[in-house]
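To be precise, the following lines are final27.txt, and they hold compact mmCIF, C-alpha atoms (C1' of nucleotides).
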# COMPACT_ATOMS: atom_id res chain seq x y z
CA MET A 18 -7.77 2.68 32.93
CA LYS A 19 -6.10 -0.58 32.05
CA SER A 20 -3.47 -1.59 29.56
CA ARG A 21 -1.95 -4.82 28.33
CA MET A 22 1.02 -5.80 26.18
CA CYS A 23 -1.29 -7.67 24.84
CA LYS A 24 -2.30 -11.36 24.82
CA SER A 25 -6.07 -11.70 25.14
CA GLU A 26 -6.98 -13.16 28.51
CA GLU A 27 -9.79 -15.40 27.32
CA PRO A 28 -8.90 -16.55 23.81
CA THR A 29 -11.68 -16.33 21.27
CA LYS A 30 -13.02 -19.79 20.65
CA ILE A 31 -11.78 -21.29 17.43
CA SER A 32 -14.99 -23.27 17.18
CA ALA A 33 -17.07 -20.09 17.24
CA ILE A 34 -15.08 -18.75 14.32
CA ARG A 35 -15.43 -22.02 12.48
CA GLU A 36 -19.19 -21.83 12.84
CA ALA A 37 -19.20 -18.21 11.68
CA VAL A 38 -17.24 -19.19 8.58
CA LYS A 39 -19.59 -22.06 7.76
CA LYS A 40 -22.67 -19.97 8.41
CA ARG A 41 -21.46 -17.64 5.67
CA GLY A 42 -21.09 -20.53 3.24
CA GLY A 43 -17.34 -20.72 3.74
CA LYS A 44 -15.39 -23.90 4.25
CA TRP A 45 -13.23 -24.66 7.25
CA THR A 46 -9.81 -25.57 5.92
CA PRO A 47 -6.48 -26.29 7.61
CA GLY A 48 -5.11 -23.02 6.29
CA ARG A 49 -7.94 -20.99 7.77
CA GLU A 50 -7.61 -22.78 11.06
CA ARG A 51 -3.88 -22.07 11.22
CA ILE A 52 -4.38 -18.39 10.46
CA THR A 53 -7.15 -18.16 13.03
CA LYS A 54 -4.97 -19.71 15.73
CA ILE A 55 -2.07 -17.43 14.87
CA LEU A 56 -4.28 -14.38 15.25
CA ARG A 57 -5.75 -15.70 18.48
CA ASP A 58 -2.34 -16.37 20.01
CA ALA A 59 -0.70 -13.17 18.79
CA ASP A 60 0.75 -10.72 21.28
CA SER A 61 -0.33 -7.84 19.09
CA PRO A 62 -1.96 -7.08 15.74
CA LEU A 63 0.04 -8.74 12.97
CA THR A 64 1.18 -7.75 9.52
CA VAL A 65 0.56 -10.04 6.55
CA ASP A 66 4.27 -10.84 6.54
CA GLN A 67 4.20 -11.90 10.16
CA ILE A 68 1.19 -14.12 9.58
CA VAL A 69 2.81 -15.73 6.54
CA GLU A 70 6.00 -16.33 8.49
CA LEU A 71 4.23 -17.86 11.48
CA ALA A 72 1.92 -19.97 9.33
CA SER A 73 4.85 -21.26 7.33
CA LYS A 74 6.30 -22.84 10.46
CA THR A 75 3.50 -25.38 10.63
CA GLY A 76 3.31 -26.23 6.94
CA ARG A 77 3.34 -24.68 3.52
CA ILE A 78 0.95 -21.81 2.84
CA ASP A 79 0.88 -19.33 0.01
CA ARG A 80 1.01 -15.62 0.72
CA VAL A 81 -1.98 -15.21 -1.60
CA THR A 82 -4.01 -17.58 0.55
CA VAL A 83 -3.24 -15.46 3.58
CA TYR A 84 -4.43 -12.33 1.78
CA ARG A 85 -7.60 -14.08 0.68
CA THR A 86 -8.32 -15.54 4.07
CA LEU A 87 -7.85 -12.20 5.78
CA LEU A 88 -10.14 -10.54 3.26
CA PHE A 89 -12.81 -13.19 3.81
CA PHE A 90 -12.46 -12.84 7.58
CA GLU A 91 -12.64 -9.09 7.35
CA GLU A 92 -15.79 -9.17 5.23
CA ASN A 93 -17.37 -11.41 7.82
CA GLN A 94 -16.33 -9.37 10.85
CA ILE A 95 -13.96 -12.05 12.10
CA VAL A 96 -10.86 -9.89 11.87
CA VAL A 97 -10.26 -6.14 11.83
CA ARG A 98 -7.82 -4.49 9.45
CA THR A 99 -5.90 -1.59 10.96
CA PRO A 100 -3.76 0.71 8.81
CA LEU A 101 -1.34 2.43 11.16
CA ALA A 102 0.32 5.82 11.12
CA ASP A 103 3.60 4.23 10.03
CA GLY A 104 1.98 3.01 6.83
CA THR A 105 1.83 -0.66 7.82
CA VAL A 106 -1.44 -2.58 7.88
CA ARG A 107 -2.13 -5.01 10.71
CA PHE A 108 -4.80 -7.57 11.45
CA GLU A 109 -6.32 -8.77 14.70
CA LEU A 110 -9.31 -10.85 15.72
CA ASP A 111 -12.49 -8.83 16.05
CA SER A 112 -13.22 -10.20 19.50
CA ALA A 113 -13.44 -6.63 20.61
CA GLU A 114 -16.15 -6.47 23.17
CA THR A 115 -13.40 -4.41 24.71
CA HIS A 116 -12.90 -1.09 22.99
CA HIS A 117 -9.20 -0.46 22.53
CA HIS A 118 -6.62 1.63 20.69
CA HIS A 119 -3.04 1.13 19.61
CA LEU A 120 0.30 2.26 20.86
CA LEU A 121 3.21 1.90 18.47
CA CYS A 122 6.94 2.31 19.01
CA ARG A 123 8.37 4.44 16.20
CA LYS A 124 11.75 2.76 16.67
CA CYS A 125 11.15 -0.98 16.80
CA GLY A 126 7.52 -1.22 15.67
CA LYS A 127 6.46 -2.96 18.87
CA MET A 128 2.77 -2.57 19.57
CA ALA A 129 0.71 -2.40 22.68
CA VAL A 130 -3.00 -2.08 23.24
CA LEU A 131 -4.70 0.59 25.30
CA GLU A 132 -7.96 -0.64 26.74
CA ALA A 133 -9.32 2.79 27.33
CA CYS A 134 -10.41 5.87 25.57
CA GLY A 135 -11.68 9.37 26.00
CA GLY A 136 -14.19 10.29 28.64
CA LYS A 137 -16.49 13.29 29.00
CA ASP A 138 -14.36 15.63 26.94
CA TRP A 139 -14.14 12.99 24.28
CA MET A 140 -17.93 12.79 24.14
CA LYS A 141 -18.07 16.53 23.54
CA LEU A 142 -15.71 16.10 20.60
CA LEU A 143 -17.91 13.34 19.21
CA GLU A 144 -20.86 15.67 19.59
CA THR A 145 -19.07 18.29 17.49
CA VAL A 146 -18.54 15.74 14.76
CA LYS A 147 -22.18 14.76 14.79
CA ASN A 148 -23.22 18.40 14.67
CA MET A 149 -21.26 18.69 11.43
CA GLY A 150 -23.81 16.31 9.95
CA PHE A 151 -21.78 13.13 10.18
CA ARG A 152 -23.63 9.92 11.03
CA GLU A 153 -22.38 6.47 12.06
CA VAL A 154 -19.27 8.06 13.46
CA ARG A 155 -16.36 5.84 14.37
CA HIS A 156 -13.06 6.99 15.78
CA PHE A 157 -9.56 5.78 15.28
CA VAL A 158 -6.89 6.64 17.81
CA GLU A 159 -3.26 5.75 17.72
CA PHE A 160 -0.34 6.77 19.87
CA THR A 161 3.23 6.58 18.67
CA GLY A 162 6.31 7.06 20.77
CA ILE A 163 9.67 5.61 21.71
CA CYS A 164 9.18 2.60 23.95
CA ALA A 165 11.16 2.03 27.14
CA ASP A 166 13.52 -0.50 25.53
CA CYS A 167 14.38 1.70 22.59
CA GLY A 168 14.70 4.71 24.87
CA ASP A 169 17.33 2.89 26.90
CA VAL A 170 19.25 1.92 23.80
CA LEU A 171 19.19 5.50 22.58
CA ARG A 172 20.60 6.79 25.83
CA ASN A 173 23.64 4.51 25.34
CA ARG A 174 24.37 5.63 21.81
CA THR A 175 25.63 8.76 20.15
CA LYS A 176 23.89 7.88 16.91
CA PRO A 177 20.65 5.98 16.34
CA ARG A 178 21.07 2.53 14.75
CA LYS A 179 19.12 3.68 11.72
CA LYS A 180 16.91 6.47 10.55
CA PRO A 181 13.69 6.35 12.58
CA ALA A 182 10.63 5.37 10.58
CA SER A 183 8.58 8.41 9.68
CA ALA A 184 5.52 8.16 11.80
CA GLY A 185 2.89 10.02 9.85
CA SER A 186 0.87 12.97 11.05
CA SER A 187 0.14 13.34 14.65
CA SER A 188 1.06 15.80 17.26
CA MET B 7 -14.46 24.00 19.88
CA LYS B 8 -14.22 25.09 16.28
CA SER B 9 -14.38 23.28 12.98
CA ARG B 10 -13.85 24.18 9.34
CA MET B 11 -14.45 22.48 6.00
CA CYS B 12 -11.45 23.53 5.57
CA LYS B 13 -9.63 26.27 3.67
CA SER B 14 -7.06 27.89 5.94
CA GLU B 15 -8.12 31.40 6.82
CA GLU B 16 -4.65 32.94 6.62
CA PRO B 17 -2.87 31.11 3.82
CA THR B 18 0.67 30.12 4.59
CA LYS B 19 2.97 32.55 2.78
CA ILE B 20 4.50 31.02 -0.30
CA SER B 21 7.51 33.26 0.23
CA ALA B 22 8.11 31.81 3.67
CA ILE B 23 8.18 28.32 2.21
CA ARG B 24 10.50 29.45 -0.55
CA GLU B 25 12.91 30.80 2.03
CA ALA B 26 12.69 27.57 4.04
CA VAL B 27 13.53 25.56 0.92
CA LYS B 28 16.50 27.75 0.07
CA LYS B 29 17.74 27.77 3.64
CA ARG B 30 18.01 23.99 3.39
CA GLY B 31 20.07 24.25 0.22
CA GLY B 32 17.12 23.48 -2.00
CA LYS B 33 16.21 25.30 -5.17
CA TRP B 34 12.95 27.09 -5.76
CA THR B 35 11.60 25.69 -9.01
CA PRO B 36 8.33 26.23 -10.88
CA GLY B 37 7.29 22.68 -10.00
CA ARG B 38 7.83 23.21 -6.29
CA GLU B 39 5.98 26.49 -6.40
CA ARG B 40 3.02 24.90 -8.17
CA ILE B 41 2.85 22.07 -5.65
CA THR B 42 3.13 24.51 -2.76
CA LYS B 43 0.27 26.63 -4.09
CA ILE B 44 -1.88 23.58 -4.67
CA LEU B 45 -1.39 22.47 -1.08
CA ARG B 46 -2.01 25.96 0.23
CA ASP B 47 -5.24 26.34 -1.71
CA ALA B 48 -6.54 22.85 -1.03
CA ASP B 49 -9.82 22.41 0.80
CA SER B 50 -8.43 19.32 2.50
CA PRO B 51 -5.32 17.11 2.66
CA LEU B 52 -4.57 15.76 -0.82
CA THR B 53 -3.46 12.43 -2.21
CA VAL B 54 -0.47 12.24 -4.56
CA ASP B 55 -2.90 11.53 -7.39
CA GLN B 56 -4.88 14.67 -6.64
CA ILE B 57 -1.73 16.77 -6.53
CA VAL B 58 -0.51 15.34 -9.82
CA GLU B 59 -3.87 15.99 -11.43
CA LEU B 60 -4.10 19.56 -10.18
CA ALA B 61 -0.49 20.33 -11.06
CA SER B 62 -0.95 18.92 -14.55
CA LYS B 63 -3.58 21.56 -15.27
CA THR B 64 -0.96 24.32 -15.23
CA GLY B 65 1.77 22.52 -17.12
CA ARG B 66 3.55 19.21 -17.45
CA ILE B 67 4.89 17.61 -14.29
CA ASP B 68 6.07 14.09 -13.69
CA ARG B 69 4.49 11.99 -10.96
CA VAL B 70 7.98 11.14 -9.74
CA THR B 71 8.74 14.80 -9.28
CA VAL B 72 5.65 15.15 -7.12
CA TYR B 73 6.77 12.23 -4.95
CA ARG B 74 10.24 13.70 -4.60
CA THR B 75 9.01 17.18 -3.86
CA LEU B 76 6.65 15.91 -1.19
CA LEU B 77 9.45 13.88 0.35
CA PHE B 78 11.74 16.89 0.40
CA PHE B 79 9.00 19.04 1.91
CA GLU B 80 8.23 16.39 4.49
CA GLU B 81 11.88 16.09 5.52
CA ASN B 82 11.97 19.83 6.00
CA GLN B 83 8.73 20.09 7.96
CA ILE B 84 6.97 21.96 5.18
CA VAL B 85 4.29 19.34 4.66
CA VAL B 86 2.85 16.57 6.83
CA ARG B 87 2.15 13.09 5.50
CA THR B 88 -1.03 11.56 6.91
CA PRO B 89 -1.89 7.89 6.32
CA LEU B 90 -5.63 7.56 6.91
CA ALA B 91 -7.78 4.75 8.23
CA ASP B 92 -9.01 4.03 4.70
CA GLY B 93 -5.46 3.19 3.60
CA THR B 94 -4.90 6.36 1.56
CA VAL B 95 -2.01 8.70 2.27
CA ARG B 96 -2.62 12.44 2.16
CA PHE B 97 -0.46 15.53 2.36
CA GLU B 98 -1.09 18.96 3.78
CA LEU B 99 0.99 22.00 4.60
CA ASP B 100 2.52 21.89 8.05
CA SER B 101 1.26 25.31 8.96
CA ALA B 102 -0.17 23.70 12.05
CA GLU B 103 0.26 26.11 14.87
CA THR B 104 -3.27 24.88 15.33
CA HIS B 105 -3.49 21.30 16.50
CA HIS B 106 -6.09 19.47 14.43
CA HIS B 107 -7.44 16.05 13.50
CA HIS B 108 -9.27 14.62 10.54
CA LEU B 109 -12.82 13.69 9.80
CA LEU B 110 -13.37 11.45 6.78
CA CYS B 111 -16.55 10.43 5.00
CA ARG B 112 -16.51 6.68 4.40
CA LYS B 113 -18.79 7.16 1.42
CA CYS B 114 -17.32 9.91 -0.70
CA GLY B 115 -13.90 10.38 0.89
CA LYS B 116 -14.57 14.03 1.64
CA MET B 117 -12.42 15.34 4.47
CA ALA B 118 -12.88 17.93 7.11
CA VAL B 119 -10.61 19.21 9.81
CA LEU B 120 -11.39 19.29 13.51
CA GLU B 121 -9.53 22.05 15.27
CA ALA B 122 -9.86 20.49 18.66
CA CYS B 123 -8.91 17.48 20.60
CA GLY B 124 -9.58 15.58 23.80
CA GLY B 125 -9.28 17.77 26.85
CA LYS B 126 -8.62 16.74 30.42
CA ASP B 127 -9.64 13.12 29.88
CA TRP B 128 -7.30 13.02 26.97
CA MET B 129 -4.44 14.15 29.15
CA LYS B 130 -5.13 11.26 31.50
CA LEU B 131 -4.89 8.84 28.60
CA LEU B 132 -1.60 10.41 27.54
CA GLU B 133 -0.38 9.97 31.09
CA THR B 134 -1.16 6.26 30.90
CA VAL B 135 0.88 5.95 27.77
CA LYS B 136 3.82 7.71 29.35
CA ASN B 137 3.57 5.48 32.39
CA MET B 138 4.04 2.52 30.09
CA GLY B 139 7.53 3.84 29.41
CA PHE B 140 6.85 5.58 26.12
CA ARG B 141 8.63 8.84 25.43
CA GLU B 142 8.12 11.49 22.75
CA VAL B 143 4.51 10.45 22.50
CA ARG B 144 2.45 11.71 19.59
CA HIS B 145 -1.17 10.97 18.96
CA PHE B 146 -3.12 10.41 15.82
CA VAL B 147 -6.87 10.77 15.84
CA GLU B 148 -9.26 10.27 13.00
CA PHE B 149 -13.02 10.17 12.82
CA THR B 150 -14.87 8.44 10.03
CA GLY B 151 -18.55 8.64 9.33
CA ILE B 152 -21.17 9.27 6.68
CA CYS B 153 -21.28 12.96 5.85
CA ALA B 154 -24.50 14.93 5.58
CA ASP B 155 -24.51 14.86 1.77
CA CYS B 156 -24.03 11.12 1.54
CA GLY B 157 -26.54 10.54 4.32
CA ASP B 158 -29.17 12.39 2.33
CA VAL B 159 -28.42 10.37 -0.75
CA LEU B 160 -28.67 7.15 1.23
CA ARG B 161 -32.09 8.04 2.57
CA ASN B 162 -33.36 8.31 -1.01
CA ARG B 163 -32.01 4.94 -2.12
CA THR B 164 -32.71 1.32 -1.40
CA LYS B 165 -29.20 0.31 -2.27
CA PRO B 166 -25.94 2.22 -1.85
CA ARG B 167 -24.43 3.47 -5.09
CA LYS B 168 -21.38 1.32 -4.57
CA LYS B 169 -19.72 -0.76 -1.90
CA PRO B 170 -18.54 1.60 0.83
CA ALA B 171 -14.79 1.85 1.11
CA SER B 172 -13.56 -0.29 3.98
CA ALA B 173 -12.65 2.15 6.64
CA GLY B 174 -10.12 0.34 8.76
CA SER B 175 -10.32 -0.27 12.46
CA SER B 176 -12.14 2.11 14.61
CA SER B 177 -15.08 1.93 16.89
C1' DT C 26 27.66 35.27 -18.02
C1' DT C 27 29.43 31.06 -16.35
C1' DA C 28 30.20 27.13 -13.41
C1' DT C 29 28.17 23.96 -10.60
C1' DA C 30 25.20 21.45 -8.03
C1' DA C 31 20.37 20.38 -7.49
C1' DT C 32 16.19 19.15 -9.97
C1' DT C 33 13.67 17.02 -13.54
C1' DG C 34 11.69 13.46 -16.68
C1' DA C 35 11.97 8.96 -18.46
C1' DC C 36 12.42 4.44 -17.51
C1' DA C 37 13.24 0.42 -14.89
C1' DC C 38 12.73 -1.71 -10.75
C1' DT C 39 10.88 -3.10 -6.06
C1' DT C 40 7.30 -4.09 -2.98
C1' DG C 41 2.65 -5.08 -1.67
C1' DT C 42 -1.69 -6.69 -3.23
C1' DT C 43 -5.15 -8.64 -6.50
C1' DT C 44 -6.67 -11.51 -10.41
C1' DT C 45 -6.85 -15.66 -13.11
C1' DC C 46 -7.07 -20.44 -13.70
C1' DA C 47 -6.48 -25.28 -13.15
C1' DG C 48 -6.38 -28.77 -9.72
C1' DC C 49 -7.58 -30.09 -5.00
C1' DC C 50 -10.39 -30.51 -0.95
C1' DT C 51 -14.45 -29.78 2.16
C1' DC C 52 -19.04 -30.60 2.83
C1' DT C 53 -23.74 -31.98 1.73
C1' DG C 54 -26.94 -35.32 0.23
C1' DC C 55 -27.70 -39.83 -0.68
C1' DG D 3 -19.04 -44.42 3.00
C1' DC D 4 -19.21 -42.19 -1.46
C1' DA D 5 -19.82 -38.92 -5.20
C1' DG D 6 -20.69 -34.41 -6.95
C1' DA D 7 -20.61 -29.44 -6.57
C1' DG D 8 -18.70 -25.57 -5.34
C1' DG D 9 -15.39 -23.28 -2.64
C1' DC D 10 -10.30 -23.09 -1.60
C1' DT D 11 -5.46 -23.27 -2.84
C1' DG D 12 -0.98 -22.47 -5.19
C1' DA D 13 1.42 -20.62 -9.08
C1' DA D 14 2.04 -17.22 -12.21
C1' DA D 15 0.97 -13.00 -13.87
C1' DA D 16 -1.10 -8.51 -13.58
C1' DC D 17 -1.50 -4.35 -11.26
C1' DA D 18 -0.59 -0.17 -8.32
C1' DA D 19 2.23 2.67 -5.49
C1' DG D 20 6.45 4.18 -4.63
C1' DT D 21 11.77 4.30 -5.30
C1' DG D 22 16.42 4.28 -7.79
C1' DT D 23 19.26 5.58 -11.74
C1' DC D 24 21.00 8.55 -15.12
C1' DA D 25 21.42 12.02 -18.61
C1' DA D 26 19.66 16.53 -19.61
C1' DT D 27 18.08 20.76 -17.77
C1' DT D 28 17.82 24.69 -14.76
C1' DA D 29 18.35 27.73 -10.52
C1' DT D 30 21.68 30.11 -8.22
C1' DA D 31 26.11 32.04 -6.51
C1' DA D 32 30.12 34.15 -8.05

Go through the file and emit its structure as structure tokens.
Amino acid sequence: MKSRMCKSEEPTKISAIREAVKKRGGKWTPGRERITKILRDADSPLTVDQIVELASKTGRIDRVTVYRTLLFFEENQIVVRTPLADGTVRFELDSAETHHHHLLCRKCGKMAVLEACGGKDWMKLLETVKNMGFREVRHFVEFTGICADCGDVLRNRTKPRKKPASAGSSS
Amino acid sequence: MKSRMCKSEEPTKISAIREAVKKRGGKWTPGRERITKILRDADSPLTVDQIVELASKTGRIDRVTVYRTLLFFEENQIVVRTPLADGTVRFELDSAETHHHHLLCRKCGKMAVLEACGGKDWMKLLETVKNMGFREVRHFVEFTGICADCGDVLRNRTKPRKKPASAGSSS
DNA sequence: TTATAATTGACACTTGTTTTCAGCCTCTGC
DNA sequence: GCAGAGGCTGAAAACAAGTGTCAATTATAA
């Protein structure tokens, strides 16, 4: 059971993505390359805002272009869109040979990746779902909590800095 | 391991919710009662739109009032807000002595409830999360798939009726 | 019944995302 | 290397979901 915090060890090849784009009749533009590199180098799944901000450091790019590029990438299985329990939507490269889930700090929004999941008991649960008549079942698992850093801060305060973000249903 | 499709067997008492509202200094209004009953009688977690539509059948109610009521209920642990992998946000009564997770059809959006979760393997995963320094850990699990009804329809078609809703990250 | 404080509806506003359209750029074929 | 076609981009506007404001209304305690 392994975990990372979470730069991918062997970065997805930009050239492979370029070929995938062209194979689908898309063009390889500077904007798409910048967005691809940002996603490849990211420590964690990124929001549209984060991508716009990072991309803006290396030249002008319109927010709309980022939306469109992400949509194109998503439709072509280059990136994965992940709506989280805190209501934000994040994007990451779909290099996922490795099956992983997300871990989100409810205080600071920091994300980590968990490169593990269920086990035997989990399989039984999946079986239950299939017995209910569901096919092509996928699962979506997210943990939320207070990360070590935020926990330390809290211990040194009488009042939290601000109202914690509501973290959706869970248990 | 039990599952339901998913009316609660012993409906949460409206009177109990009324008392909870009043205890928090809130007033018990016809609008709040209507929304409470709608949530209690729902077959599955509802979107704001669905609540507005259902509530409008028994009298006029403003969408803003629904938002505000749900927010008030959420703040007072009467309802739970659940953002799903398809990007929608749904609400359900927080009657949850029973720990459950959601099962969503990617085709028709129908929801079911799974009154079960991981098991021993799951506990190990939780342990990993805690070892990463996270406290107050909650988990959020959602299954998506093609339900029996939609599966049958698909088998009798060459083309899907419409583009399936993108169902977020999962695996 | 009355006073008062919370709730409501209407409207405007904010934020996040998509659409439209004209001009620009990548890529293919020559 | 060059030109044409079609895809991509930026700007502005449209759209959708959710929030803030305020006057009028209503539930509730006294």

Taking all atoms listed in the file into account, which residues of chain D are within 12 Å of chain B, as a list in words?
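Residues satisfying the distance criterion: DA18, DA19, DG20, DT21, DG22, DT27, DT28, DA29, DT30 and DA31 of chain D.
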
Saved selection, atoms kept: C-alpha atoms (C1' of nucleotides), as a short mmCIF file (atom, residue, chain, number, x, y, z; two decimals), in the coordinates of the input:
data_model
loop_
_atom_site.label_atom_id
_atom_site.label_comp_id
_atom_site.auth_asym_id
_atom_site.auth_seq_id
_atom_site.Cartn_x
_atom_site.Cartn_y
_atom_site.Cartn_z
"C1'" DA D 18 -0.59 -0.17 -8.32
"C1'" DA D 19 2.23 2.67 -5.49
"C1'" DG D 20 6.45 4.18 -4.63
"C1'" DT D 21 11.77 4.30 -5.30
"C1'" DG D 22 16.42 4.28 -7.79
"C1'" DT D 27 18.08 20.76 -17.77
"C1'" DT D 28 17.82 24.69 -14.76
"C1'" DA D 29 18.35 27.73 -10.52
"C1'" DT D 30 21.68 30.11 -8.22
"C1'" DA D 31 26.11 32.04 -6.51
#

Each residue of chain C with at least one atom at most 10 Å from range 4-9 of chain D should appear once, together with its nearest atom pair and the corresponding distance in Å (one decimal); atoms considered: only C-alpha atoms (C1' of nucleotides); ordering: chain, then increasing residue number; output as JSON lines.
{"residue": "C:DC50", "atom": "C1'", "partner": "D:DG9", "partner_atom": "C1'", "distance": 9.0}
{"residue": "C:DT51", "atom": "C1'", "partner": "D:DG9", "partner_atom": "C1'", "distance": 8.1}
{"residue": "C:DC52", "atom": "C1'", "partner": "D:DG8", "partner_atom": "C1'", "distance": 9.6}
{"residue": "C:DT53", "atom": "C1'", "partner": "D:DA7", "partner_atom": "C1'", "distance": 9.2}
{"residue": "C:DG54", "atom": "C1'", "partner": "D:DG6", "partner_atom": "C1'", "distance": 9.6}
{"residue": "C:DC55", "atom": "C1'", "partner": "D:DC4", "partner_atom": "C1'", "distance": 8.8}

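Each of D:DA32, D:DC10, D:DC24, D:DC17 was checked against DG41 in chain C using all atoms listed in the file; the smallest atom-to-atom distance is that of D:DC17.
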
Hey, list the chain B side of the contact with chain A: 7 Å cut-off, only C-alpha atoms, answer as a ChimeraX atom specification.
/B:86-89,91,93,123-128,131,139-154,174-177

Write the residues you've just listed into a file as an mmCIF file, keeping the file's coordinate frame, and include C-alpha atoms for each of them.
data_model
loop_
_atom_site.group_PDB
_atom_site.id
_atom_site.type_symbol
_atom_site.label_atom_id
_atom_site.label_comp_id
_atom_site.auth_asym_id
_atom_site.auth_seq_id
_atom_site.Cartn_x
_atom_site.Cartn_y
_atom_site.Cartn_z
ATOM 1 C CA VAL B 86 2.850 16.570 6.830
ATOM 2 C CA ARG B 87 2.150 13.090 5.500
ATOM 3 C CA THR B 88 -1.030 11.560 6.910
ATOM 4 C CA PRO B 89 -1.890 7.890 6.320
ATOM 5 C CA ALA B 91 -7.780 4.750 8.230
ATOM 6 C CA GLY B 93 -5.460 3.190 3.600
ATOM 7 C CA CYS B 123 -8.910 17.480 20.600
ATOM 8 C CA GLY B 124 -9.580 15.580 23.800
ATOM 9 C CA GLY B 125 -9.280 17.770 26.850
ATOM 10 C CA LYS B 126 -8.620 16.740 30.420
ATOM 11 C CA ASP B 127 -9.640 13.120 29.880
ATOM 12 C CA TRP B 128 -7.300 13.020 26.970
ATOM 13 C CA LEU B 131 -4.890 8.840 28.600
ATOM 14 C CA GLY B 139 7.530 3.840 29.410
ATOM 15 C CA PHE B 140 6.850 5.580 26.120
ATOM 16 C CA ARG B 141 8.630 8.840 25.430
ATOM 17 C CA GLU B 142 8.120 11.490 22.750
ATOM 18 C CA VAL B 143 4.510 10.450 22.500
ATOM 19 C CA ARG B 144 2.450 11.710 19.590
ATOM 20 C CA HIS B 145 -1.170 10.970 18.960
ATOM 21 C CA PHE B 146 -3.120 10.410 15.820
ATOM 22 C CA VAL B 147 -6.870 10.770 15.840
ATOM 23 C CA GLU B 148 -9.260 10.270 13.000
ATOM 24 C CA PHE B 149 -13.020 10.170 12.820
ATOM 25 C CA THR B 150 -14.870 8.440 10.030
ATOM 26 C CA GLY B 151 -18.550 8.640 9.330
ATOM 27 C CA ILE B 152 -21.170 9.270 6.680
ATOM 28 C CA CYS B 153 -21.280 12.960 5.850
ATOM 29 C CA ALA B 154 -24.500 14.930 5.580
ATOM 30 C CA GLY B 174 -10.120 0.340 8.760
ATOM 31 C CA SER B 175 -10.320 -0.270 12.460
ATOM 32 C CA SER B 176 -12.140 2.110 14.610
ATOM 33 C CA SER B 177 -15.080 1.930 16.890
#

Students should find that CA of Ile57 in chain B and CA of Arg38 in chain B are spaced 11.5 Å

Which value, in Å to one decimal, gives the distance between CA of Asn82 in chain B and CA of Ala22 in chain B?
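If I compute the distance from CA of Asn82 in chain B to CA of Ala22 in chain B, I get 12.8 Å.
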
To one decimal place in Å, what is the distance between CA of Ser32 in chain A and CA of Pro47 in chain A?
13.2 Å

Near chain B, which residues of chain C fall within 10 Å when you count all atoms listed in the file, and what do they look like as number ranges by chain?
C: 31-35

Go ahead and save the residues from that selection, with C-alpha atoms (C1' of nucleotides), as a compact mmCIF listing (two decimals), in the frame of the given file.
# COMPACT_ATOMS: atom_id res chain seq x y z
C1' DA C 31 20.37 20.38 -7.49
C1' DT C 32 16.19 19.15 -9.97
C1' DT C 33 13.67 17.02 -13.54
C1' DG C 34 11.69 13.46 -16.68
C1' DA C 35 11.97 8.96 -18.46
